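Q: Pasting a structure here, questions to come.
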Amino acid sequence: MKKKFKTTIICMVCCIPLINAQLTVENQFRRPLSDVLTEISQRFGIRLTYNMDTIGKVLPYADFRIRPYSVEESLTNVLAPFDDKFEKQGDRLYKLKPYEYYRRTVQEGEKMLNYLKSLYSDKNQWEKRKSCLYHEVRDILEIDSLLAKRVQKKPILSNVRKFDGYTVQNFALETLPGLYVAGSIYSPLAKGDHALIICPNGHFNDGRYREDQQIRMGTLARMGAVCVDYDLFGWGESALQVGNAAHRSSAAQVIQAMNGITILDYMLTRKNIDKEKIGVNGGSGGGTQTVLLTVLDNRYAAAAPVVSLASHFDGGCPCESGLPVTLACSGTNNAELAALFAPRPLLIVSDGKDWTSSVPTLEYPYLKEIYRYYDREKNVQNVHLPDEGHDFGINKRKAVYDFFASVFSLDKTQLDEKKVTIEPEDNLKIFGKNGELLPENAVRSFEELLIYFDKKRYAELLSDLSLEKKATEWVASLKLTNHTDAVFLTTLIYNHLKTVKDWHNTHPYTLVPAGINPTTGKPLTELDRQLIADSAMPKEVHETLMNGLRKVLSEDQVEAILDKYTVGKVAFTMKGYQAIVPDLTKEEETVILSYLKQAREQAIDYKSMKQISAIFEIYKTKCEQYLNSNGRNWRQLYKAYVEKVKAEKAAQQNTD
Ligand code: ZN
């Protein structure tokens, strides 16, 4: 006892110098994060892929964070100070990435569900929680103020196309003034009142035009349900109005919810809809929307989110998690939000190869417990496909057909996917092949919608949209006849411009230590250091752009795009050389042109015009050195040129 007391005293005395010692220990054992990660990968024999960058990241107490017995504990320790994390991708393969606020581990999902279950143990307590979630989710989305601003207009409708057992009609519905949501209505040919299924779309390629979407809509229509699908905000025909980049905004989340509600409002004004049989069904991001729509709109009688639902993943697109819905009522998740649908029929389709692999053991048992409060445990079903991945394939569609056939008494004898006609994309559009039928009053930019949202919040997005506009204009200048190529190129160039911008903005010149410029012998300027910081951008960014351009364009067209990036500097500078060196030979011209083209290709990876000019300066020096080595005297030529220009100016003034 006595001894212990003494030790404590000694420790307390030691404390002060100890703190000082810690602050002064050599450089806090700092090492660049990239070195530490390379060492970890060699030491443990693993491969790392980077979805983040390590430039400028220096790790204190670096080697002390490595645990010789555990690669994963080591990675956790070295990545945590930078808010980065890892994901095991396979045997000895790890992907490194930045913190994702919308994604947690399965273990965290389990802990959260256990916590949520501790908040309620009977129907009464659950109903209280339900009421809190209903109100707070609406408040977070600010959806009621948006719904109040809607216009009530009749939709624009296309002619009706008749197929085997069903029809398709395109529509555009004006929601906010000048803002349209476009989609297609698949209706049964059979007479009588029909069930209605609203089908919000996910992020699968080609959006709602894709084959498996048309198959599902047509098949359900043949079976007796009217099905409606519609574009994501900023996708399909919505892109005509707000551009693609607008999709990656939190506004997309509430606008898409508003679209779903407004389409249902309209559909209920149509004849032959059985108001008791309203369903909602979507896959992936469309599944996330399915759950949100059931929370916001109590008109639904059955719901089927497909390959989306999990307690540990909110959906990685801003249209799913851009607004902090899961912070409602001190924290919730999509499993609890789906539970709000109890006791009505709910089908969860999950698979073994994405985040929904936990559904059978985690989310489904949780949902059953909530349904048990209503004595309707059987109303929640899970179809789990352990060998399948993230898609809306045949087995997922079958699960959806069976579910709606059973809850809405659809005609299963008409279930035959082969009877569905796949229409070309353009047939499913209401505004024409190239948007030529977009109404006069249509909003033409995302900016016009900012009267409904907090402007400041979208500053970054607006700058992205200006890049998208640039890409669109550059591609338009090529006057391509192939629409698919034009769309591909616009996305390719936009992605490149955006990556360059983001890299530039997250890698300030201060990341590059001050030093001496080896060619001038002077200290590096801020511009020099910024060029160095920007030049560390991964080479793939450049290669992806160039390979993409060359895939669909001729060499002349590729050059035209590169000239757009560099505002025609190659031709402009070449003209300068021709003026300064009047007897420039063909051979000299070829060499100079090749230098300038090199400058151009390098310069496209820099954000500001100042930087682009600086890159050209480097190559201009090379050109001038070449001319000197070719028996010319650049300084003298330049001097003579300046004098000639001066003399011409003076002569001009005299005659004036
Ligand atoms: Zn989205």
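Residue numbering restarts at 1 in every chain; chains get A, B, ... in the order shown in the structure tokens, and ligands count up from 1 in that same order.
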Please identify the residues whose atoms come within 8 Å of ligand 1, using only C-alpha atoms and all ligand atoms, and report them as a list in words.
A: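 Listed by chain and ascending number, the contacts are Gly202, His203, Leu232, Phe233, His247, Arg248, Ala252, Gln253, Gly285, Gly316, Cys317, Pro318, Cys319 and Glu320 of chain A.
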Q: Could you write out the selected residues, including all heavy atoms, as a CSV table (one decimal), in the first residue's frame?
A:
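Contents of result.csv, freshly written:
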```
chain,number,residue,atom,x,y,z
A,202,GLY,N,-33.4,4.1,-60.2
A,202,GLY,CA,-32.1,4.1,-59.5
A,202,GLY,C,-31.0,4.6,-60.5
A,202,GLY,O,-31.3,5.3,-61.5
A,203,HIS,N,-29.8,4.3,-60.2
A,203,HIS,CA,-28.7,4.8,-61.0
A,203,HIS,C,-28.1,3.8,-62.0
A,203,HIS,O,-27.0,3.9,-62.5
A,203,HIS,CB,-27.5,5.3,-60.1
A,203,HIS,CG,-28.0,6.3,-59.1
A,203,HIS,ND1,-28.4,5.9,-57.8
A,203,HIS,CD2,-28.1,7.6,-59.2
A,203,HIS,CE1,-28.7,7.0,-57.2
A,203,HIS,NE2,-28.6,8.1,-58.0
A,232,LEU,N,-34.7,10.4,-63.0
A,232,LEU,CA,-34.0,11.0,-61.8
A,232,LEU,C,-33.8,12.5,-62.2
A,232,LEU,O,-33.7,12.9,-63.3
A,232,LEU,CB,-32.6,10.4,-61.6
A,232,LEU,CG,-32.6,9.0,-61.1
A,232,LEU,CD1,-31.1,8.4,-61.2
A,232,LEU,CD2,-33.0,8.9,-59.6
A,233,PHE,N,-33.7,13.3,-61.2
A,233,PHE,CA,-33.4,14.8,-61.4
A,233,PHE,C,-32.0,14.9,-62.0
A,233,PHE,O,-31.1,14.3,-61.5
A,233,PHE,CB,-33.5,15.5,-60.0
A,233,PHE,CG,-33.2,16.9,-60.1
A,233,PHE,CD1,-34.1,17.8,-60.7
A,233,PHE,CD2,-32.0,17.5,-59.5
A,233,PHE,CE1,-33.8,19.2,-60.7
A,233,PHE,CE2,-31.8,18.8,-59.5
A,233,PHE,CZ,-32.7,19.7,-60.1
A,247,HIS,N,-27.7,16.6,-60.7
A,247,HIS,CA,-28.1,15.4,-60.0
A,247,HIS,C,-27.4,15.1,-58.7
A,247,HIS,O,-27.9,14.6,-57.7
A,247,HIS,CB,-28.0,14.1,-60.9
A,247,HIS,CG,-28.5,12.9,-60.1
A,247,HIS,ND1,-29.8,12.7,-59.8
A,247,HIS,CD2,-27.8,11.9,-59.6
A,247,HIS,CE1,-29.9,11.5,-59.1
A,247,HIS,NE2,-28.7,11.0,-59.0
A,248,ARG,N,-26.1,15.5,-58.7
A,248,ARG,CA,-25.2,15.2,-57.5
A,248,ARG,C,-25.4,16.4,-56.5
A,248,ARG,O,-24.4,17.0,-56.1
A,248,ARG,CB,-23.8,15.0,-57.9
A,248,ARG,CG,-23.6,13.7,-58.8
A,248,ARG,CD,-22.1,13.3,-58.8
A,248,ARG,NE,-21.6,13.0,-57.4
A,248,ARG,CZ,-21.9,11.8,-56.8
A,248,ARG,NH1,-22.6,10.9,-57.4
A,248,ARG,NH2,-21.4,11.6,-55.6
A,252,ALA,N,-31.6,17.3,-55.3
A,252,ALA,CA,-32.1,16.2,-56.1
A,252,ALA,C,-33.0,15.3,-55.1
A,252,ALA,O,-34.0,14.8,-55.5
A,252,ALA,CB,-31.0,15.4,-56.7
A,253,GLN,N,-32.5,15.2,-53.9
A,253,GLN,CA,-33.2,14.3,-53.0
A,253,GLN,C,-34.7,14.8,-52.7
A,253,GLN,O,-35.6,14.0,-52.8
A,253,GLN,CB,-32.5,14.2,-51.6
A,253,GLN,CG,-33.0,13.0,-50.8
A,253,GLN,CD,-32.2,12.8,-49.5
A,253,GLN,OE1,-31.2,13.5,-49.2
A,253,GLN,NE2,-32.6,11.8,-48.7
A,285,GLY,N,-30.8,3.0,-55.9
A,285,GLY,CA,-31.2,4.4,-55.5
A,285,GLY,C,-32.7,4.5,-55.6
A,285,GLY,O,-33.3,5.3,-54.9
A,316,GLY,N,-25.2,6.2,-51.5
A,316,GLY,CA,-24.0,7.0,-51.6
A,316,GLY,C,-24.1,8.2,-52.6
A,316,GLY,O,-23.2,8.9,-52.8
A,317,CYS,N,-25.3,8.4,-53.1
A,317,CYS,CA,-25.5,9.6,-54.0
A,317,CYS,C,-26.2,10.7,-53.2
A,317,CYS,O,-27.1,10.4,-52.4
A,317,CYS,CB,-26.4,9.1,-55.2
A,317,CYS,SG,-26.7,10.5,-56.3
A,318,PRO,N,-25.9,11.9,-53.5
A,318,PRO,CA,-26.6,13.0,-52.8
A,318,PRO,C,-28.1,13.0,-53.0
A,318,PRO,O,-28.8,13.5,-52.1
A,318,PRO,CB,-26.0,14.3,-53.4
A,318,PRO,CG,-24.6,13.9,-53.9
A,318,PRO,CD,-24.8,12.4,-54.4
A,319,CYS,N,-28.6,12.3,-54.0
A,319,CYS,CA,-30.0,12.2,-54.2
A,319,CYS,C,-30.6,11.2,-53.2
A,319,CYS,O,-31.8,11.1,-53.0
A,319,CYS,CB,-30.4,11.9,-55.6
A,319,CYS,SG,-30.5,10.1,-56.0
A,320,GLU,N,-29.7,10.5,-52.5
A,320,GLU,CA,-30.2,9.5,-51.4
A,320,GLU,C,-29.9,10.0,-50.0
A,320,GLU,O,-30.6,9.8,-49.1
A,320,GLU,CB,-29.6,8.2,-51.7
A,320,GLU,CG,-29.9,7.5,-53.0
A,320,GLU,CD,-29.0,6.3,-53.2
A,320,GLU,OE1,-29.5,5.2,-52.8
A,320,GLU,OE2,-28.0,6.4,-53.8
```
Q: Show me, as a list in words, the residues that have an atom within 10 Å of Leu157 of chain A when counting only C-alpha atoms, minus same-chain residues fewer than 4 positions from it.
A: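 Near Leu157 of chain A, the qualifying residues are Gln169, Asn170, Phe171, Ala172, Leu173, Ala182, Gly183, Ser184, Ile185 and Ile430 of chain A.
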Q: Next, write the just-selected residues to a file, as a PDB file, in the first residue's frame, keeping all heavy atoms as the atom set.
A:
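Result file out.pdb:
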```
ATOM      1  N   GLN A 169     -47.479   5.279 -72.642  1.00  0.00           N
ATOM      2  CA  GLN A 169     -47.702   6.691 -72.959  1.00  0.00           C
ATOM      3  C   GLN A 169     -46.682   7.520 -72.170  1.00  0.00           C
ATOM      4  O   GLN A 169     -46.494   7.309 -70.971  1.00  0.00           O
ATOM      5  CB  GLN A 169     -49.125   7.088 -72.533  1.00  0.00           C
ATOM      6  CG  GLN A 169     -49.482   8.519 -72.886  1.00  0.00           C
ATOM      7  CD  GLN A 169     -50.926   8.852 -72.518  1.00  0.00           C
ATOM      8  OE1 GLN A 169     -51.467   8.346 -71.522  1.00  0.00           O
ATOM      9  NE2 GLN A 169     -51.556   9.702 -73.311  1.00  0.00           N
ATOM     10  N   ASN A 170     -46.015   8.447 -72.855  1.00  0.00           N
ATOM     11  CA  ASN A 170     -45.055   9.306 -72.165  1.00  0.00           C
ATOM     12  C   ASN A 170     -45.770  10.526 -71.602  1.00  0.00           C
ATOM     13  O   ASN A 170     -46.776  10.964 -72.146  1.00  0.00           O
ATOM     14  CB  ASN A 170     -43.949   9.769 -73.114  1.00  0.00           C
ATOM     15  CG  ASN A 170     -43.304   8.600 -73.827  1.00  0.00           C
ATOM     16  OD1 ASN A 170     -43.259   7.492 -73.294  1.00  0.00           O
ATOM     17  ND2 ASN A 170     -42.825   8.840 -75.041  1.00  0.00           N
ATOM     18  N   PHE A 171     -45.207  11.061 -70.541  1.00  0.00           N
ATOM     19  CA  PHE A 171     -45.814  12.267 -69.956  1.00  0.00           C
ATOM     20  C   PHE A 171     -44.731  13.190 -69.438  1.00  0.00           C
ATOM     21  O   PHE A 171     -43.593  12.775 -69.192  1.00  0.00           O
ATOM     22  CB  PHE A 171     -46.764  11.883 -68.803  1.00  0.00           C
ATOM     23  CG  PHE A 171     -46.025  11.418 -67.567  1.00  0.00           C
ATOM     24  CD1 PHE A 171     -45.705  12.315 -66.544  1.00  0.00           C
ATOM     25  CD2 PHE A 171     -45.629  10.098 -67.434  1.00  0.00           C
ATOM     26  CE1 PHE A 171     -45.011  11.881 -65.410  1.00  0.00           C
ATOM     27  CE2 PHE A 171     -44.935   9.659 -66.309  1.00  0.00           C
ATOM     28  CZ  PHE A 171     -44.631  10.550 -65.299  1.00  0.00           C
ATOM     29  N   ALA A 172     -45.099  14.460 -69.284  1.00  0.00           N
ATOM     30  CA  ALA A 172     -44.262  15.414 -68.558  1.00  0.00           C
ATOM     31  C   ALA A 172     -45.187  16.199 -67.662  1.00  0.00           C
ATOM     32  O   ALA A 172     -46.231  16.689 -68.103  1.00  0.00           O
ATOM     33  CB  ALA A 172     -43.544  16.353 -69.514  1.00  0.00           C
ATOM     34  N   LEU A 173     -44.832  16.265 -66.407  1.00  0.00           N
ATOM     35  CA  LEU A 173     -45.684  16.923 -65.431  1.00  0.00           C
ATOM     36  C   LEU A 173     -44.912  18.112 -64.875  1.00  0.00           C
ATOM     37  O   LEU A 173     -43.768  17.966 -64.429  1.00  0.00           O
ATOM     38  CB  LEU A 173     -46.008  15.909 -64.327  1.00  0.00           C
ATOM     39  CG  LEU A 173     -47.113  16.215 -63.340  1.00  0.00           C
ATOM     40  CD1 LEU A 173     -48.429  16.530 -64.040  1.00  0.00           C
ATOM     41  CD2 LEU A 173     -47.305  15.021 -62.408  1.00  0.00           C
ATOM     42  N   ALA A 182     -40.343  14.030 -66.384  1.00  0.00           N
ATOM     43  CA  ALA A 182     -40.805  13.257 -67.530  1.00  0.00           C
ATOM     44  C   ALA A 182     -40.749  11.771 -67.208  1.00  0.00           C
ATOM     45  O   ALA A 182     -39.869  11.315 -66.477  1.00  0.00           O
ATOM     46  CB  ALA A 182     -39.932  13.555 -68.744  1.00  0.00           C
ATOM     47  N   GLY A 183     -41.695  11.028 -67.772  1.00  0.00           N
ATOM     48  CA  GLY A 183     -41.721   9.590 -67.530  1.00  0.00           C
ATOM     49  C   GLY A 183     -42.646   8.890 -68.495  1.00  0.00           C
ATOM     50  O   GLY A 183     -43.074   9.479 -69.494  1.00  0.00           O
ATOM     51  N   SER A 184     -42.913   7.613 -68.199  1.00  0.00           N
ATOM     52  CA  SER A 184     -43.811   6.828 -69.044  1.00  0.00           C
ATOM     53  C   SER A 184     -44.804   6.063 -68.182  1.00  0.00           C
ATOM     54  O   SER A 184     -44.457   5.599 -67.094  1.00  0.00           O
ATOM     55  CB  SER A 184     -43.009   5.848 -69.902  1.00  0.00           C
ATOM     56  OG  SER A 184     -42.133   6.558 -70.755  1.00  0.00           O
ATOM     57  N   ILE A 185     -46.015   5.951 -68.711  1.00  0.00           N
ATOM     58  CA  ILE A 185     -47.081   5.223 -68.013  1.00  0.00           C
ATOM     59  C   ILE A 185     -47.353   3.939 -68.786  1.00  0.00           C
ATOM     60  O   ILE A 185     -47.684   3.982 -69.973  1.00  0.00           O
ATOM     61  CB  ILE A 185     -48.366   6.077 -67.949  1.00  0.00           C
ATOM     62  CG1 ILE A 185     -48.079   7.410 -67.246  1.00  0.00           C
ATOM     63  CG2 ILE A 185     -49.486   5.303 -67.240  1.00  0.00           C
ATOM     64  CD1 ILE A 185     -49.174   8.458 -67.459  1.00  0.00           C
ATOM     65  N   ILE A 430     -40.612  12.555 -74.066  1.00  0.00           N
ATOM     66  CA  ILE A 430     -41.777  13.407 -74.348  1.00  0.00           C
ATOM     67  C   ILE A 430     -41.367  14.709 -75.035  1.00  0.00           C
ATOM     68  O   ILE A 430     -42.154  15.317 -75.749  1.00  0.00           O
ATOM     69  CB  ILE A 430     -42.562  13.681 -73.031  1.00  0.00           C
ATOM     70  CG1 ILE A 430     -43.850  14.482 -73.279  1.00  0.00           C
ATOM     71  CG2 ILE A 430     -41.718  14.409 -72.000  1.00  0.00           C
ATOM     72  CD1 ILE A 430     -45.002  13.694 -73.734  1.00  0.00           C
TER      73      ILE A 430
END
```
Q: Here is a test: counting only C-alpha atoms, which residue of A:Arg31, A:Lys470, A:Arg47, A:Lys128 is nearest to Arg92 of chain A?
A: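 Selected residue with least distance to Arg92 of chain A: A:Arg47.
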Q: Would you pick out the contacts of Ile451 of chain A at 12 Å or less, using only C-alpha atoms, so that residues sharing its chain but fewer than 5 positions from it are not included, and give the list as a PDB file with N, CA, C and O atoms, in the first residue's frame?
A:
```
ATOM      1  N   LEU A 146     -41.777  23.115 -50.261  1.00  0.00           N
ATOM      2  CA  LEU A 146     -41.622  22.876 -51.700  1.00  0.00           C
ATOM      3  C   LEU A 146     -42.957  22.419 -52.316  1.00  0.00           C
ATOM      4  O   LEU A 146     -43.358  22.892 -53.373  1.00  0.00           O
ATOM      5  N   LYS A 149     -45.348  25.095 -53.132  1.00  0.00           N
ATOM      6  CA  LYS A 149     -45.029  25.980 -54.266  1.00  0.00           C
ATOM      7  C   LYS A 149     -45.321  25.345 -55.628  1.00  0.00           C
ATOM      8  O   LYS A 149     -45.039  25.935 -56.672  1.00  0.00           O
ATOM      9  N   LEU A 176     -42.689  22.351 -59.956  1.00  0.00           N
ATOM     10  CA  LEU A 176     -42.490  23.763 -59.633  1.00  0.00           C
ATOM     11  C   LEU A 176     -42.655  24.537 -60.944  1.00  0.00           C
ATOM     12  O   LEU A 176     -42.504  23.950 -62.021  1.00  0.00           O
ATOM     13  N   PRO A 177     -42.928  25.827 -60.900  1.00  0.00           N
ATOM     14  CA  PRO A 177     -43.129  26.563 -62.152  1.00  0.00           C
ATOM     15  C   PRO A 177     -41.950  26.386 -63.114  1.00  0.00           C
ATOM     16  O   PRO A 177     -40.802  26.683 -62.763  1.00  0.00           O
ATOM     17  N   ALA A 251     -30.397  18.946 -53.438  1.00  0.00           N
ATOM     18  CA  ALA A 251     -31.705  19.365 -53.965  1.00  0.00           C
ATOM     19  C   ALA A 251     -32.381  18.198 -54.680  1.00  0.00           C
ATOM     20  O   ALA A 251     -33.606  18.073 -54.656  1.00  0.00           O
ATOM     21  N   PHE A 446     -30.033  25.012 -63.475  1.00  0.00           N
ATOM     22  CA  PHE A 446     -30.254  24.726 -62.059  1.00  0.00           C
ATOM     23  C   PHE A 446     -30.355  26.031 -61.273  1.00  0.00           C
ATOM     24  O   PHE A 446     -31.107  26.145 -60.313  1.00  0.00           O
ATOM     25  N   LYS A 456     -26.254  29.734 -50.933  1.00  0.00           N
ATOM     26  CA  LYS A 456     -24.866  29.553 -50.480  1.00  0.00           C
ATOM     27  C   LYS A 456     -24.458  28.091 -50.531  1.00  0.00           C
ATOM     28  O   LYS A 456     -23.345  27.741 -50.857  1.00  0.00           O
ATOM     29  N   TYR A 458     -25.117  25.933 -52.563  1.00  0.00           N
ATOM     30  CA  TYR A 458     -24.881  25.378 -53.884  1.00  0.00           C
ATOM     31  C   TYR A 458     -23.768  26.067 -54.683  1.00  0.00           C
ATOM     32  O   TYR A 458     -23.664  25.867 -55.887  1.00  0.00           O
TER      33      TYR A 458
END
```
Q: Just checking: using only C-alpha atoms, which residue out of A:Leu268, A:Leu79, A:Thr520, A:Asp391 ends up closest to Asn205 of chain A?
A: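 Using only C-alpha atoms, the shortest distance to Asn205 of chain A belongs to A:Asp391.
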Q: Need the shell around Thr590 of chain A: protein/DNA/RNA residues with any atom at most 12 Å away, counting only C-alpha atoms. Skip same-chain ones fewer than 2 positions apart. Format as a list in words?
A: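 The residues satisfying every condition are Met574, Tyr577, Gln578, Leu584, Thr585, Lys586, Glu587, Glu588, Ile592, Leu593, Ser594, Tyr595, Leu596, Lys597, Cys623, Tyr626 and Leu627 of chain A.
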Q: Keeping only N, CA, C and O atoms, write those residues as an mmCIF file, in the first residue's frame.
A:
```
data_model
loop_
_atom_site.group_PDB
_atom_site.id
_atom_site.type_symbol
_atom_site.label_atom_id
_atom_site.label_comp_id
_atom_site.auth_asym_id
_atom_site.auth_seq_id
_atom_site.Cartn_x
_atom_site.Cartn_y
_atom_site.Cartn_z
ATOM 1 N N MET A 574 2.325 30.207 -82.437
ATOM 2 C CA MET A 574 2.979 29.891 -83.711
ATOM 3 C C MET A 574 3.040 31.126 -84.605
ATOM 4 O O MET A 574 4.074 31.434 -85.214
ATOM 5 N N TYR A 577 5.832 33.349 -83.572
ATOM 6 C CA TYR A 577 7.160 32.931 -84.068
ATOM 7 C C TYR A 577 7.318 33.280 -85.543
ATOM 8 O O TYR A 577 8.386 33.699 -85.977
ATOM 9 N N GLN A 578 6.246 33.099 -86.294
ATOM 10 C CA GLN A 578 6.322 33.409 -87.732
ATOM 11 C C GLN A 578 6.564 34.906 -87.959
ATOM 12 O O GLN A 578 7.269 35.302 -88.887
ATOM 13 N N LEU A 584 11.365 31.806 -91.182
ATOM 14 C CA LEU A 584 11.272 30.516 -90.479
ATOM 15 C C LEU A 584 11.146 29.379 -91.501
ATOM 16 O O LEU A 584 10.288 29.431 -92.383
ATOM 17 N N THR A 585 12.036 28.372 -91.371
ATOM 18 C CA THR A 585 11.981 27.284 -92.349
ATOM 19 C C THR A 585 10.884 26.295 -91.985
ATOM 20 O O THR A 585 10.439 26.249 -90.834
ATOM 21 N N LYS A 586 10.503 25.467 -92.950
ATOM 22 C CA LYS A 586 9.485 24.435 -92.730
ATOM 23 C C LYS A 586 9.913 23.522 -91.586
ATOM 24 O O LYS A 586 9.124 23.163 -90.726
ATOM 25 N N GLU A 587 11.204 23.165 -91.600
ATOM 26 C CA GLU A 587 11.726 22.253 -90.584
ATOM 27 C C GLU A 587 11.617 22.888 -89.196
ATOM 28 O O GLU A 587 11.185 22.252 -88.236
ATOM 29 N N GLU A 588 12.016 24.177 -89.106
ATOM 30 C CA GLU A 588 11.922 24.872 -87.817
ATOM 31 C C GLU A 588 10.471 24.931 -87.344
ATOM 32 O O GLU A 588 10.172 24.737 -86.165
ATOM 33 N N ILE A 592 9.000 23.564 -83.769
ATOM 34 C CA ILE A 592 8.309 24.478 -82.850
ATOM 35 C C ILE A 592 6.871 24.014 -82.602
ATOM 36 O O ILE A 592 6.406 23.958 -81.464
ATOM 37 N N LEU A 593 6.202 23.624 -83.677
ATOM 38 C CA LEU A 593 4.823 23.162 -83.544
ATOM 39 C C LEU A 593 4.744 21.943 -82.622
ATOM 40 O O LEU A 593 3.840 21.824 -81.797
ATOM 41 N N SER A 594 5.719 21.064 -82.746
ATOM 42 C CA SER A 594 5.675 19.867 -81.901
ATOM 43 C C SER A 594 5.876 20.243 -80.423
ATOM 44 O O SER A 594 5.233 19.685 -79.542
ATOM 45 N N TYR A 595 6.759 21.227 -80.152
ATOM 46 C CA TYR A 595 6.913 21.705 -78.761
ATOM 47 C C TYR A 595 5.615 22.321 -78.242
ATOM 48 O O TYR A 595 5.187 22.063 -77.119
ATOM 49 N N LEU A 596 4.994 23.136 -79.094
ATOM 50 C CA LEU A 596 3.766 23.822 -78.650
ATOM 51 C C LEU A 596 2.633 22.828 -78.408
ATOM 52 O O LEU A 596 1.836 22.987 -77.483
ATOM 53 N N LYS A 597 2.611 21.779 -79.222
ATOM 54 C CA LYS A 597 1.577 20.759 -79.009
ATOM 55 C C LYS A 597 1.826 19.988 -77.713
ATOM 56 O O LYS A 597 0.888 19.607 -77.020
ATOM 57 N N CYS A 623 11.674 26.247 -77.391
ATOM 58 C CA CYS A 623 11.628 26.653 -78.795
ATOM 59 C C CYS A 623 12.760 27.635 -79.098
ATOM 60 O O CYS A 623 13.441 27.535 -80.132
ATOM 61 N N TYR A 626 16.079 26.053 -79.125
ATOM 62 C CA TYR A 626 16.225 25.301 -80.381
ATOM 63 C C TYR A 626 16.633 26.234 -81.528
ATOM 64 O O TYR A 626 17.537 25.933 -82.306
ATOM 65 N N LEU A 627 15.961 27.391 -81.622
ATOM 66 C CA LEU A 627 16.282 28.340 -82.692
ATOM 67 C C LEU A 627 17.740 28.787 -82.585
ATOM 68 O O LEU A 627 18.461 28.857 -83.582
#
```
Q: What's the 10 Å shell around segment 507-512 of chain A, counting only C-alpha atoms, without same-chain residues fewer than 2 positions away, as a list in words?
A: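 Listed by chain and then number, they are Ile55, Gly56, Lys57, Lys501, Asp502, Trp503, His504, Asn505, Ala514, Gly515, Leu524, Thr525, Glu526, Leu527, Asp528, Arg529, Gln530, Leu531, Ile532, Ala533, Asp534, Ala536 and Met537 of chain A.
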Q: Write the residues you've just listed into a file as a compact mmCIF listing (two decimals), in the first residue's frame, and include N, CA and C atoms for each of them.
A:
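result25.txt written:
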```
# COMPACT_ATOMS: atom_id res chain seq x y z
N ILE A 55 -0.94 12.92 -50.92
CA ILE A 55 -0.07 14.10 -51.10
C ILE A 55 -0.16 15.03 -49.89
N GLY A 56 0.99 15.36 -49.34
CA GLY A 56 1.03 16.34 -48.26
C GLY A 56 0.64 15.78 -46.90
N LYS A 57 0.26 14.49 -46.85
CA LYS A 57 -0.16 13.92 -45.57
C LYS A 57 1.05 13.35 -44.83
N LYS A 501 -10.09 20.53 -61.31
CA LYS A 501 -10.50 21.60 -60.39
C LYS A 501 -10.43 21.13 -58.93
N ASP A 502 -11.00 19.94 -58.68
CA ASP A 502 -11.02 19.43 -57.31
C ASP A 502 -9.60 19.18 -56.80
N TRP A 503 -8.75 18.64 -57.67
CA TRP A 503 -7.37 18.39 -57.26
C TRP A 503 -6.70 19.71 -56.90
N HIS A 504 -6.86 20.69 -57.76
CA HIS A 504 -6.27 22.01 -57.54
C HIS A 504 -6.75 22.59 -56.21
N ASN A 505 -8.05 22.51 -55.97
CA ASN A 505 -8.61 23.13 -54.77
C ASN A 505 -8.24 22.41 -53.48
N ALA A 514 8.88 25.28 -49.65
CA ALA A 514 9.58 26.35 -50.36
C ALA A 514 10.95 25.82 -50.78
N GLY A 515 11.46 26.28 -51.90
CA GLY A 515 12.77 25.80 -52.37
C GLY A 515 13.29 26.70 -53.46
N LEU A 524 11.35 29.44 -55.28
CA LEU A 524 10.13 29.06 -56.00
C LEU A 524 9.02 30.06 -55.70
N THR A 525 8.32 30.49 -56.73
CA THR A 525 7.18 31.39 -56.50
C THR A 525 5.97 30.56 -56.10
N GLU A 526 4.92 31.25 -55.67
CA GLU A 526 3.68 30.53 -55.33
C GLU A 526 3.16 29.79 -56.56
N LEU A 527 3.30 30.43 -57.72
CA LEU A 527 2.85 29.79 -58.96
C LEU A 527 3.65 28.52 -59.24
N ASP A 528 4.98 28.59 -59.06
CA ASP A 528 5.82 27.40 -59.24
C ASP A 528 5.36 26.27 -58.33
N ARG A 529 5.13 26.64 -57.06
CA ARG A 529 4.75 25.61 -56.08
C ARG A 529 3.37 25.03 -56.39
N GLN A 530 2.47 25.90 -56.88
CA GLN A 530 1.15 25.41 -57.25
C GLN A 530 1.23 24.47 -58.45
N LEU A 531 2.12 24.80 -59.38
CA LEU A 531 2.30 23.92 -60.54
C LEU A 531 2.80 22.55 -60.09
N ILE A 532 3.71 22.55 -59.12
CA ILE A 532 4.24 21.28 -58.62
C ILE A 532 3.12 20.48 -57.92
N ALA A 533 2.35 21.20 -57.08
CA ALA A 533 1.25 20.52 -56.36
C ALA A 533 0.26 19.92 -57.36
N ASP A 534 -0.09 20.68 -58.39
CA ASP A 534 -1.08 20.20 -59.36
C ASP A 534 -0.52 19.08 -60.24
N ALA A 536 1.11 16.67 -59.38
CA ALA A 536 1.10 15.37 -58.69
C ALA A 536 -0.22 14.62 -58.91
N MET A 537 -1.14 15.23 -59.64
CA MET A 537 -2.42 14.55 -59.92
C MET A 537 -2.13 13.23 -60.65
```
Q: So that I can check the surroundings of segment 393-402 of chain A, please list as number ranges by chain every protein, DNA and RNA residue that reaches within 8 Å of it, counting only C-alpha atoms and ignoring chain neighbours fewer than 6 positions away.
A: A: 212, 216, 220, 304, 306, 347, 349, 383, 385, 415
Q: Using only C-alpha atoms, which residue out of A:Glu127, A:Glu100, A:Asp83, A:Asp426 lies closest to Asp206 of chain A?
A: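 Looking only at the distances to Asp206 of chain A, the closest residue turns out to be A:Asp426.
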